[in-house]
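With TSV, C-alpha atoms inside, this is target-v8.tsv:
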chain	number	residue	atom	x	y	z
A	1	MET	CA	0.00	0.00	0.00
A	2	GLN	CA	1.58	3.27	-1.04
A	3	GLY	CA	-1.00	5.63	0.38
A	4	SER	CA	0.33	8.66	-1.42
A	5	GLU	CA	-1.50	7.79	-4.66
A	6	PHE	CA	-4.86	7.37	-2.96
A	7	ASP	CA	-7.03	10.48	-2.82
A	8	GLU	CA	-8.56	10.15	0.62
A	9	ALA	CA	-10.63	13.31	0.34
A	10	GLU	CA	-12.15	12.08	-2.91
A	11	PHE	CA	-12.81	8.68	-1.34
A	12	PHE	CA	-14.69	10.30	1.54
A	13	ARG	CA	-16.50	12.67	-0.84
A	14	ALA	CA	-17.71	9.76	-2.98
A	15	ILE	CA	-19.13	8.00	0.09
A	16	ALA	CA	-20.72	11.18	1.42
A	17	GLU	CA	-22.38	11.89	-1.93
A	18	SER	CA	-23.69	8.35	-2.31
A	19	ALA	CA	-26.99	7.34	-0.76
A	20	ALA	CA	-25.23	4.76	1.39
A	21	ARG	CA	-25.74	4.87	5.14
A	22	ALA	CA	-22.12	4.30	6.14
A	23	LEU	CA	-20.57	5.00	9.54
A	24	LEU	CA	-16.83	5.52	9.80
A	25	ILE	CA	-15.67	3.31	12.68
A	26	GLY	CA	-12.39	1.73	13.77
A	27	ARG	CA	-9.09	3.43	14.32
A	28	ARG	CA	-9.58	5.87	11.45
A	29	ALA	CA	-12.53	7.28	13.40
A	30	LEU	CA	-10.38	7.52	16.52
A	31	VAL	CA	-7.81	9.50	14.57
A	32	ALA	CA	-10.44	11.86	13.17
A	33	LEU	CA	-11.73	12.53	16.69
A	34	GLY	CA	-8.26	13.30	18.02
A	35	ILE	CA	-6.49	10.10	19.10
A	36	PRO	CA	-3.14	9.50	17.36
A	37	VAL	CA	-3.09	5.77	16.62
A	38	LEU	CA	-1.56	3.91	13.71
A	39	THR	CA	-3.81	2.14	11.23
A	40	ALA	CA	-3.51	0.56	7.83
A	41	ASP	CA	-7.11	0.39	6.68
A	42	TYR	CA	-10.55	1.95	6.81
A	43	ASP	CA	-13.50	0.48	8.69
A	44	PHE	CA	-17.14	1.21	7.96
A	45	TRP	CA	-20.39	-0.10	9.34
A	46	LEU	CA	-22.82	-0.04	6.46
A	47	HIS	CA	-26.57	-0.48	6.32
A	48	ILE	CA	-27.24	-3.96	4.97
A	49	ASP	CA	-29.36	-2.58	2.10
A	50	ASP	CA	-26.71	-0.12	0.91
A	51	ILE	CA	-23.91	-2.43	-0.21
A	52	ALA	CA	-24.40	-1.79	-3.92
A	53	ALA	CA	-24.54	1.99	-3.47
A	54	PHE	CA	-21.40	1.98	-1.35
A	55	ASN	CA	-19.51	-0.22	-3.81
A	56	ALA	CA	-20.55	1.94	-6.74
A	57	ALA	CA	-19.32	5.04	-4.93
A	58	VAL	CA	-15.82	3.73	-4.28
A	59	THR	CA	-15.23	1.78	-7.49
A	60	PRO	CA	-13.83	4.93	-9.18
A	61	GLN	CA	-11.21	4.95	-6.39
A	62	GLY	CA	-10.00	1.59	-7.65
A	63	LEU	CA	-11.57	-0.35	-4.77
A	64	PHE	CA	-13.26	-3.63	-5.57
A	65	PRO	CA	-15.34	-5.89	-3.31
A	66	THR	CA	-14.13	-9.36	-2.39
A	67	ARG	CA	-17.73	-10.67	-2.24
A	68	THR	CA	-21.01	-10.09	-3.97
A	69	PRO	CA	-23.61	-8.13	-1.98
A	70	GLU	CA	-25.51	-11.36	-1.40
A	71	GLU	CA	-22.42	-13.13	-0.03
A	72	ALA	CA	-21.58	-10.08	2.09
A	73	ARG	CA	-25.08	-10.04	3.60
A	74	GLY	CA	-24.70	-13.72	4.44
A	75	ARG	CA	-21.36	-13.28	6.15
A	76	GLY	CA	-22.03	-9.91	7.74
A	77	ARG	CA	-18.85	-8.35	6.42
A	78	TYR	CA	-16.70	-7.96	3.36
A	79	VAL	CA	-13.66	-6.11	2.14
A	80	LEU	CA	-13.02	-3.60	-0.62
A	81	GLU	CA	-9.42	-3.57	-1.68
A	82	ASN	CA	-6.74	-2.65	-4.08
A	83	ASP	CA	-3.84	-0.46	-2.95
A	84	GLU	CA	-6.02	0.41	0.05
A	85	ARG	CA	-8.15	-1.86	2.18
A	86	VAL	CA	-11.64	-1.06	3.43
A	87	ASP	CA	-13.28	-3.43	5.93
A	88	VAL	CA	-17.05	-3.21	5.79
A	89	LEU	CA	-19.43	-4.54	8.42
A	90	VAL	CA	-22.96	-5.08	7.12
A	91	ALA	CA	-24.83	-6.80	9.94
A	92	ARG	CA	-28.08	-5.32	11.25
A	93	THR	CA	-26.99	-6.13	14.80
A	94	VAL	CA	-23.59	-7.13	16.14
A	95	PRO	CA	-22.88	-8.62	19.57
A	96	THR	CA	-20.00	-7.31	21.64
A	97	VAL	CA	-17.59	-9.85	23.03
A	98	ASP	CA	-19.26	-9.43	26.42
A	99	GLY	CA	-22.74	-10.04	25.05
A	100	VAL	CA	-24.34	-6.67	24.30
A	101	ARG	CA	-26.31	-6.60	21.02
A	102	VAL	CA	-25.74	-3.39	19.10
A	103	SER	CA	-28.14	-2.37	16.35
A	104	PHE	CA	-27.02	-0.44	13.28
A	105	ASP	CA	-30.28	1.48	13.21
A	106	ASP	CA	-29.83	2.68	16.79
A	107	VAL	CA	-26.23	3.75	16.21
A	108	TRP	CA	-27.20	5.42	12.94
A	109	ALA	CA	-30.00	7.34	14.66
A	110	ARG	CA	-27.52	8.76	17.18
A	111	ARG	CA	-24.73	9.48	14.65
A	112	ARG	CA	-22.79	12.72	14.52
A	113	ALA	CA	-21.27	14.40	11.50
A	114	LEU	CA	-17.55	14.96	11.21
A	115	GLU	CA	-15.86	17.06	8.53
A	116	VAL	CA	-13.25	14.56	7.32
A	117	ALA	CA	-12.10	16.61	4.34
A	118	PRO	CA	-12.76	20.22	3.36
A	119	GLY	CA	-16.48	20.45	2.67
A	120	VAL	CA	-17.02	16.71	3.20
A	121	THR	CA	-18.76	15.31	6.25
A	122	LEU	CA	-19.13	11.67	7.14
A	123	PRO	CA	-21.26	10.14	9.88
A	124	VAL	CA	-19.45	8.66	12.86
A	125	PRO	CA	-20.94	6.99	15.93
A	126	THR	CA	-21.20	8.90	19.18
A	127	LEU	CA	-18.32	8.30	21.57
A	128	ASP	CA	-20.37	5.78	23.57
A	129	ASP	CA	-21.34	3.92	20.41
A	130	LEU	CA	-17.79	3.96	19.07
A	131	ILE	CA	-16.73	2.32	22.33
A	132	LEU	CA	-19.41	-0.33	21.79
A	133	THR	CA	-18.12	-1.02	18.26
A	134	LYS	CA	-14.63	-1.46	19.73
A	135	ARG	CA	-16.12	-4.24	21.86
A	136	PHE	CA	-17.14	-6.19	18.73
A	137	GLY	CA	-13.61	-7.41	18.02
A	138	GLY	CA	-12.62	-8.07	21.57
A	139	ARG	CA	-8.87	-8.01	20.89
A	140	PRO	CA	-6.51	-6.58	23.50
A	141	LYS	CA	-5.77	-3.61	21.24
A	142	ASP	CA	-9.49	-2.83	21.01
A	143	PHE	CA	-9.61	-2.50	24.77
A	144	GLU	CA	-6.52	-0.27	24.69
A	145	ASP	CA	-8.38	1.90	22.19
A	146	ILE	CA	-11.39	1.97	24.53
A	147	ARG	CA	-9.16	3.36	27.28
A	148	LEU	CA	-8.02	6.11	24.91
A	149	LEU	CA	-11.64	6.83	24.03
A	150	GLU	CA	-12.44	7.09	27.73
A	151	ALA	CA	-9.62	9.63	28.07
A	152	LEU	CA	-11.05	11.51	25.08
A	153	ARG	CA	-14.41	11.58	26.83
A	154	ARG	CA	-12.77	13.48	29.69
A	155	GLU	CA	-11.62	16.05	27.14
A	156	ASP	CA	-15.11	16.31	25.59
A	157	PRO	CA	-17.46	15.78	28.52
B	1	MET	CA	23.87	3.58	21.31
B	2	LYS	CA	23.42	-0.14	21.82
B	3	ARG	CA	21.84	-1.89	18.90
B	4	VAL	CA	18.74	-3.88	19.83
B	5	PRO	CA	18.68	-7.26	18.14
B	6	THR	CA	15.84	-7.93	15.74
B	7	PRO	CA	13.38	-10.39	17.30
B	8	ARG	CA	13.17	-13.80	15.73
B	9	PRO	CA	10.26	-14.34	13.34
B	10	GLU	CA	8.65	-16.87	15.70
B	11	THR	CA	8.80	-14.32	18.52
B	12	VAL	CA	7.13	-11.71	16.33
B	13	ALA	CA	4.49	-14.26	15.32
B	14	ARG	CA	3.84	-15.15	18.95
B	15	ILE	CA	3.45	-11.51	19.97
B	16	ARG	CA	1.18	-10.87	17.00
B	17	ALA	CA	-0.99	-13.84	17.94
B	18	LEU	CA	-1.30	-12.60	21.52
B	19	ALA	CA	-2.27	-9.13	20.32
B	20	ALA	CA	-4.84	-10.48	17.85
B	21	ARG	CA	-6.53	-13.05	20.07
B	22	GLN	CA	-10.08	-12.45	21.18
B	23	LEU	CA	-10.65	-11.94	24.87
B	24	THR	CA	-13.17	-14.13	26.64
B	25	PRO	CA	-16.37	-12.43	27.83
B	26	GLU	CA	-15.04	-12.53	31.38
B	27	GLU	CA	-11.70	-11.00	30.36
B	28	ALA	CA	-13.60	-8.31	28.44
B	29	ARG	CA	-15.75	-7.50	31.47
B	30	GLN	CA	-12.63	-7.29	33.65
B	31	ALA	CA	-10.91	-5.00	31.14
B	32	LEU	CA	-13.94	-2.71	31.02
B	33	ALA	CA	-14.18	-2.65	34.80
B	34	THR	CA	-10.56	-1.59	35.26
B	35	PRO	CA	-10.62	2.17	35.79
B	36	LEU	CA	-8.10	4.47	34.16
B	37	GLY	CA	-5.25	5.21	36.52
B	38	GLU	CA	-4.42	8.83	37.23
B	39	LEU	CA	-1.08	8.68	35.41
B	40	GLU	CA	-2.51	6.78	32.44
B	41	LEU	CA	-5.35	9.25	32.16
B	42	GLU	CA	-3.08	12.27	32.31
B	43	GLU	CA	-0.68	10.83	29.73
B	44	SER	CA	-3.53	9.94	27.39
B	45	ARG	CA	-5.15	13.35	27.76
B	46	SER	CA	-1.82	15.06	27.19
B	47	LEU	CA	-1.31	13.06	23.99
B	48	ILE	CA	-4.83	13.90	22.79
B	49	ARG	CA	-4.39	17.60	23.59
B	50	TRP	CA	-1.10	17.72	21.67
B	51	PHE	CA	-2.62	15.93	18.68
B	52	ARG	CA	-5.66	18.18	18.57
B	53	ARG	CA	-3.57	21.33	19.02
B	54	ARG	CA	-1.08	20.32	16.34
B	55	TYR	CA	-3.78	19.01	13.97
B	56	PRO	CA	-6.90	20.99	14.76
B	57	THR	CA	-9.24	19.48	12.17
B	58	PRO	CA	-10.27	15.87	11.53
B	59	ALA	CA	-8.96	16.21	7.98
B	60	ALA	CA	-5.52	17.28	9.22
B	61	ARG	CA	-5.48	14.37	11.70
B	62	LEU	CA	-6.41	11.88	9.01
B	63	ALA	CA	-3.68	13.24	6.75
B	64	TYR	CA	-1.20	12.89	9.62
B	65	ALA	CA	-2.27	9.25	10.10
B	66	ARG	CA	-1.55	8.49	6.44
B	67	ARG	CA	1.88	10.12	6.65
B	68	ALA	CA	2.64	8.25	9.88
B	69	TYR	CA	1.63	4.96	8.33
B	70	ARG	CA	3.83	5.60	5.30
B	71	ARG	CA	6.79	6.36	7.57
B	72	TRP	CA	6.16	3.16	9.48
B	73	GLN	CA	5.79	1.20	6.30
B	74	THR	CA	9.11	2.48	5.02
B	75	ALA	CA	10.96	1.82	8.26
B	76	ALA	CA	9.49	-1.43	9.57
B	77	PRO	CA	10.28	-4.92	8.32
B	78	PRO	CA	7.23	-6.50	6.63
B	79	ASP	CA	6.47	-8.77	9.59
B	80	GLU	CA	6.25	-5.86	11.99
B	81	ARG	CA	3.90	-3.60	10.06
B	82	PRO	CA	0.68	-2.73	11.83
B	83	ARG	CA	-2.59	-4.38	10.98
B	84	SER	CA	-5.97	-3.07	11.99
Just dump the structure as structure tokens.
Amino acid sequence: MQGSEFDEAEFFRAIAESAARALLIGRRALVALGIPVLTADYDFWLHIDDIAAFNAAVTPQGLFPTRTPEEARGRGRYVLENDERVDVLVARTVPTVDGVRVSFDDVWARRRALEVAPGVTLPVPTLDDLILTKRFGGRPKDFEDIRLLEALRREDP
Amino acid sequence: MKRVPTPRPETVARIRALAARQLTPEEARQALATPLGELELEESRSLIRWFRRRYPTPAARLAYARRAYRRWQTAAPPDERPRS
């Protein structure tokens, strides 16, 4: 992945201008909110009915899905990739590792807008919901990220 | 400056496996119940304040993250590059 050839602003603009209900989650969202962590890819939680719209939006960026929309719906996630990698979660509800069921519709209803490029806003979960999404993976690094998000909460009470 | 030896590939693989494993529900509950220590909180808040002061907009922070990743990618051996 070279990064320098990828137009991130255009990537975000294409998603924002599509009809897809897509939430920026994962470490890229942490960075946008103000936590300096290293990440290689992009993570989105997408409404299960918006896979085709999302894929169409990012195809001009050279990103291609690893599964058909039908396969992706069956598995609950898929990847768009080329020089960049975009992990996409498409489940209606996702359980956290400690057993809390989190609904896309609920998180979407509470979303906030973040200007991720000049004139381009993308929806991100609230801080509480972003913490819940970090509990999906349940890896040690996810819980380290949760601690950073808790520190961020003290900055933005 | 003393040169630190490069870890063996099996050591890197072991550390990576530990970092990528999924916690049990009980481990997750314990992790969530562990409060932030005063020092940890202050260090984290200081880091966040610096980052937000130096890169005041989300767009600037995202651009920084891409530059940081490129630097890491250039410097780190393939086995040690970060994965999300």
Counting only C-alpha atoms, which residues from chain A have an atom at most 9 Å from any atom of chain B, and could you show them as a ChimeraX atom specification?
/A:1-4,8-9,26-29,31-43,96-99,114-118,135,137-141,143,146-148,150-152,154-155
Nearest to Gly62 in chain A, chosen from A:Lys134, A:Arg85, A:Arg153, A:Asp50, with all atoms listed in the file counted in the distances:
A:Arg85
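Pairwise distance (CA of Leu23 in chain A, CA of Asp106 in chain A) equals 12.0 Å.
From CA of Glu84 in chain A back to CA of Ile48 in chain A, the distance works out to 22.2 Å.
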Which residues, written as a ChimeraX atom specification, have at least one atom at most 12 Å from Ala91 in chain A, with only C-alpha atoms counted and residues fewer than 3 positions away on the same chain left out?
/A:44-51,72-78,88,94-95,101-105,136
Should you be able to, write range 46-87 of chain A of this structure into a file that contains N, CA and C atoms, as a compact mmCIF listing (two decimals), in the first residue's frame.
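part-v8.txt, written as the output of this step:
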# COMPACT_ATOMS: atom_id res chain seq x y z
N LEU A 46 -21.94 -0.43 7.56
CA LEU A 46 -22.82 -0.04 6.46
C LEU A 46 -24.20 -0.67 6.64
N HIS A 47 -25.23 0.10 6.30
CA HIS A 47 -26.57 -0.48 6.32
C HIS A 47 -26.63 -1.64 5.33
N ILE A 48 -27.27 -2.72 5.75
CA ILE A 48 -27.24 -3.96 4.97
C ILE A 48 -27.87 -3.79 3.58
N ASP A 49 -28.73 -2.80 3.41
CA ASP A 49 -29.36 -2.58 2.10
C ASP A 49 -28.55 -1.66 1.19
N ASP A 50 -27.44 -1.16 1.67
CA ASP A 50 -26.71 -0.12 0.91
C ASP A 50 -25.37 -0.60 0.35
N ILE A 51 -25.19 -1.90 0.26
CA ILE A 51 -23.91 -2.43 -0.21
C ILE A 51 -23.64 -1.99 -1.65
N ALA A 52 -24.62 -2.12 -2.51
CA ALA A 52 -24.40 -1.79 -3.92
C ALA A 52 -24.08 -0.30 -4.09
N ALA A 53 -24.78 0.55 -3.36
CA ALA A 53 -24.54 1.99 -3.47
C ALA A 53 -23.13 2.35 -2.98
N PHE A 54 -22.73 1.71 -1.90
CA PHE A 54 -21.40 1.98 -1.35
C PHE A 54 -20.32 1.52 -2.33
N ASN A 55 -20.50 0.32 -2.86
CA ASN A 55 -19.51 -0.22 -3.81
C ASN A 55 -19.42 0.66 -5.05
N ALA A 56 -20.56 1.10 -5.54
CA ALA A 56 -20.55 1.94 -6.74
C ALA A 56 -19.83 3.25 -6.48
N ALA A 57 -19.96 3.76 -5.26
CA ALA A 57 -19.32 5.04 -4.93
C ALA A 57 -17.80 4.94 -4.92
N VAL A 58 -17.28 3.81 -4.44
CA VAL A 58 -15.82 3.73 -4.28
C VAL A 58 -15.12 3.00 -5.42
N THR A 59 -15.88 2.44 -6.35
CA THR A 59 -15.23 1.78 -7.49
C THR A 59 -14.33 2.74 -8.27
N PRO A 60 -14.74 4.01 -8.48
CA PRO A 60 -13.83 4.93 -9.18
C PRO A 60 -12.50 5.16 -8.44
N GLN A 61 -12.47 4.84 -7.15
CA GLN A 61 -11.21 4.95 -6.39
C GLN A 61 -10.35 3.70 -6.56
N GLY A 62 -10.79 2.80 -7.40
CA GLY A 62 -10.00 1.59 -7.65
C GLY A 62 -10.22 0.52 -6.60
N LEU A 63 -11.30 0.63 -5.83
CA LEU A 63 -11.57 -0.35 -4.77
C LEU A 63 -12.64 -1.33 -5.24
N PHE A 64 -12.35 -2.61 -5.06
CA PHE A 64 -13.26 -3.63 -5.57
C PHE A 64 -13.62 -4.61 -4.46
N PRO A 65 -14.90 -5.01 -4.39
CA PRO A 65 -15.34 -5.89 -3.31
C PRO A 65 -14.86 -7.32 -3.49
N THR A 66 -14.58 -7.96 -2.36
CA THR A 66 -14.13 -9.36 -2.39
C THR A 66 -15.31 -10.32 -2.45
N ARG A 67 -16.54 -9.81 -2.22
CA ARG A 67 -17.73 -10.67 -2.24
C ARG A 67 -18.87 -9.94 -2.92
N THR A 68 -19.80 -10.70 -3.43
CA THR A 68 -21.01 -10.09 -3.97
C THR A 68 -21.83 -9.55 -2.80
N PRO A 69 -22.75 -8.62 -3.07
CA PRO A 69 -23.61 -8.13 -1.98
C PRO A 69 -24.35 -9.25 -1.26
N GLU A 70 -24.79 -10.25 -2.02
CA GLU A 70 -25.51 -11.36 -1.40
C GLU A 70 -24.61 -12.14 -0.44
N GLU A 71 -23.38 -12.42 -0.90
CA GLU A 71 -22.42 -13.13 -0.03
C GLU A 71 -22.10 -12.28 1.20
N ALA A 72 -21.92 -10.98 0.97
CA ALA A 72 -21.58 -10.08 2.09
C ALA A 72 -22.69 -10.06 3.13
N ARG A 73 -23.95 -10.03 2.65
CA ARG A 73 -25.08 -10.04 3.60
C ARG A 73 -25.08 -11.34 4.42
N GLY A 74 -24.73 -12.44 3.75
CA GLY A 74 -24.70 -13.72 4.44
C GLY A 74 -23.62 -13.80 5.50
N ARG A 75 -22.48 -13.19 5.22
CA ARG A 75 -21.36 -13.28 6.15
C ARG A 75 -21.31 -12.14 7.15
N GLY A 76 -22.01 -11.05 6.83
CA GLY A 76 -22.03 -9.91 7.74
C GLY A 76 -20.87 -8.96 7.58
N ARG A 77 -19.97 -9.27 6.67
CA ARG A 77 -18.85 -8.35 6.42
C ARG A 77 -18.20 -8.68 5.09
N TYR A 78 -17.49 -7.73 4.55
CA TYR A 78 -16.70 -7.96 3.36
C TYR A 78 -15.60 -6.90 3.30
N VAL A 79 -14.80 -7.02 2.27
CA VAL A 79 -13.66 -6.11 2.14
C VAL A 79 -13.66 -5.51 0.74
N LEU A 80 -13.31 -4.24 0.66
CA LEU A 80 -13.02 -3.60 -0.62
C LEU A 80 -11.52 -3.37 -0.63
N GLU A 81 -10.88 -3.71 -1.72
CA GLU A 81 -9.42 -3.57 -1.68
C GLU A 81 -8.82 -3.32 -3.04
N ASN A 82 -7.68 -2.79 -2.98
CA ASN A 82 -6.74 -2.65 -4.08
C ASN A 82 -5.46 -2.18 -3.42
N ASP A 83 -4.99 -0.95 -3.70
CA ASP A 83 -3.84 -0.46 -2.95
C ASP A 83 -4.22 -0.13 -1.51
N GLU A 84 -5.49 0.16 -1.30
CA GLU A 84 -6.02 0.41 0.05
C GLU A 84 -6.92 -0.75 0.43
N ARG A 85 -7.26 -0.80 1.70
CA ARG A 85 -8.15 -1.86 2.18
C ARG A 85 -9.26 -1.23 3.02
N VAL A 86 -10.48 -1.59 2.71
CA VAL A 86 -11.64 -1.06 3.43
C VAL A 86 -12.43 -2.25 3.96
N ASP A 87 -12.49 -2.37 5.29
CA ASP A 87 -13.28 -3.43 5.93
C ASP A 87 -14.69 -2.90 6.14
